[in-house]
Amino acid sequence: MGLLSTLHKNLEIVSEFIFPSVEPWREGRKIEGACCQRCGSPFEVPVSIPIQECANCNGIPWHLDRAFSCYLFEGDPRRSILEFKYHRKFYWRSVLGKVLVEGYRDGFSGVAFDALVPVPLHEAKRRDRGFNQAEELAFVLSSRVEKPVWNCLSRPHETISQAIQNRENRLKSPLGSFQMMRRFDVRGRSLLIIDDVLTTGTTANECARVLREAGARYIAVLTVARGVGS
Ligand SMILES: [Zn+2]
């Protein structure tokens with residue numbers, strides 16, 4: 001179990017009392033309706049014919065079969081994620097986890113996943129922060145959908161935070177950022193990568209590339225939010 005999973009198991013009951021709703025946000029745009037079946041980008045205008053992939057996905061070497069995010073990364077969802085990650089406001093763990101549960105049911109009702117795979121943090125960053133937010137959210141989702149959490153990826157090289165890079169640099173693939181943990185066998189498995197925010201999709205796609213090379217059959221990503229305009 002993750003550090004916070006143990007630490008906050010009891011506090012979760014309290015936080016659920018304080019934040020009883022799955023949607024506690026007043027300013028937040030849920031991603032609903034038609035969106036790209038590959039990257040999850042919502043279509044700005046209603047589409048009359050079903051489109052599988054958006055124009056942005058054209059020519060991108062996706063290793064992901066599908067990406068799905070629940071909210072746009074703005075307003076209250078953005079504030080909650082940043083407070084959880086950087087200001088240790090751990091009561092958001094339960095709320096953000098519940099959003100993922102809803103996203104899992106909305107986006108992947110027909111998929112039988114074998115496991116949830118959190119995007120790993122570099123060990124030094126994990127030590128500084130004290131926890132990996134993706135892992136903590138995966139544990140909340142795991143307890144509700146009864147899928148195991150597999151920490152089967154490691155991140156041996158530190159990469160610059162996507163939030164402080166410009167778009168040009170973000171789009172450059174961080175090749176070699178992730179490695180497969182040897183004790184896991186993912187051959188033929190269906191895996192759901194979990195993260196808090198999807199920005200360009202580069203990070204999740206790189207995780208998917210490593211999992212695919214290790215033999216995974218179906219790989220998707222679920223995040224609480226996705227970057228606005230990405
Ligand atoms: Zn797309």
# chains A, B, ... in the order shown; residues from 1 in each chain; ligands from 1
>>> residues_near_ligand(ligand="ligand 1", cutoff="7 Å", atoms="only C-alpha atoms and all ligand atoms", output="number ranges by chain")
A: 36-41, 53-57
>>> select_by_dssp(residues="range 76-189 of chain A", states="alpha helix (DSSP H)", output="VMD selection string")
chain A and resid 76 to 86 92 to 107 123 to 129 133 to 145 167 to 171
>>> residues_around(residues="Ala225 in chain A", least_positions_apart="2", cutoff="8 Å", atoms="only C-alpha atoms", output="list in words")
Ser69, Cys70, Tyr71, Leu72, Phe73, Pro77, Arg78, Asp196, Val197, Leu198, Thr223 and Gly227 of chain A
>>> closest_residue(among="A:Ile31, A:Val224, A:Val145, A:Cys152", to="Pro118 in chain A", atoms="only C-alpha atoms")
A:Cys152
>>> closest_residue(among="A:Ala138, A:Ile193, A:Met181, A:Val186", to="Val99 in chain A", atoms="only C-alpha atoms")
A:Ala138
>>> closest_residue(among="A:Leu82, A:Ala220, A:Val140, A:Ala124", to="Glu102 in chain A", atoms="only C-alpha atoms")
A:Val140
>>> atom_distance(atom1="CA of Arg26 in chain A", atom2="CA of Asp76 in chain A")
6.9 Å
>>> residues_around(residues="Arg189 in chain A", least_positions_apart="5", cutoff="7 Å", atoms="only C-alpha atoms", output="MDAnalysis selection string")
chainID A and resid 114 216:218
>>> closest_residue(among="A:Leu64, A:Arg155, A:Lys147, A:Phe43", to="Arg126 in chain A", atoms="only C-alpha atoms")
A:Arg155
>>> closest_residue(among="A:Phe184, A:Phe131, A:Trp25, A:Phe178", to="Ala208 in chain A", atoms="only C-alpha atoms")
A:Phe178
>>> closest_residue(among="A:Gly28, A:Gly107, A:Gly97, A:Pro156", to="Lys125 in chain A", atoms="only C-alpha atoms")
A:Pro156
>>> atom_distance(atom1="CA of Thr200 in chain A", atom2="CA of Arg182 in chain A")
28.1 Å
>>> atom_distance(atom1="CA of Thr202 in chain A", atom2="CA of His122 in chain A")
16.3 Å
>>> residues_around(residues="Tyr86 in chain A", least_positions_apart="5", cutoff="10 Å", atoms="only C-alpha atoms", output="ChimeraX atom specification")
/A:81,129,133
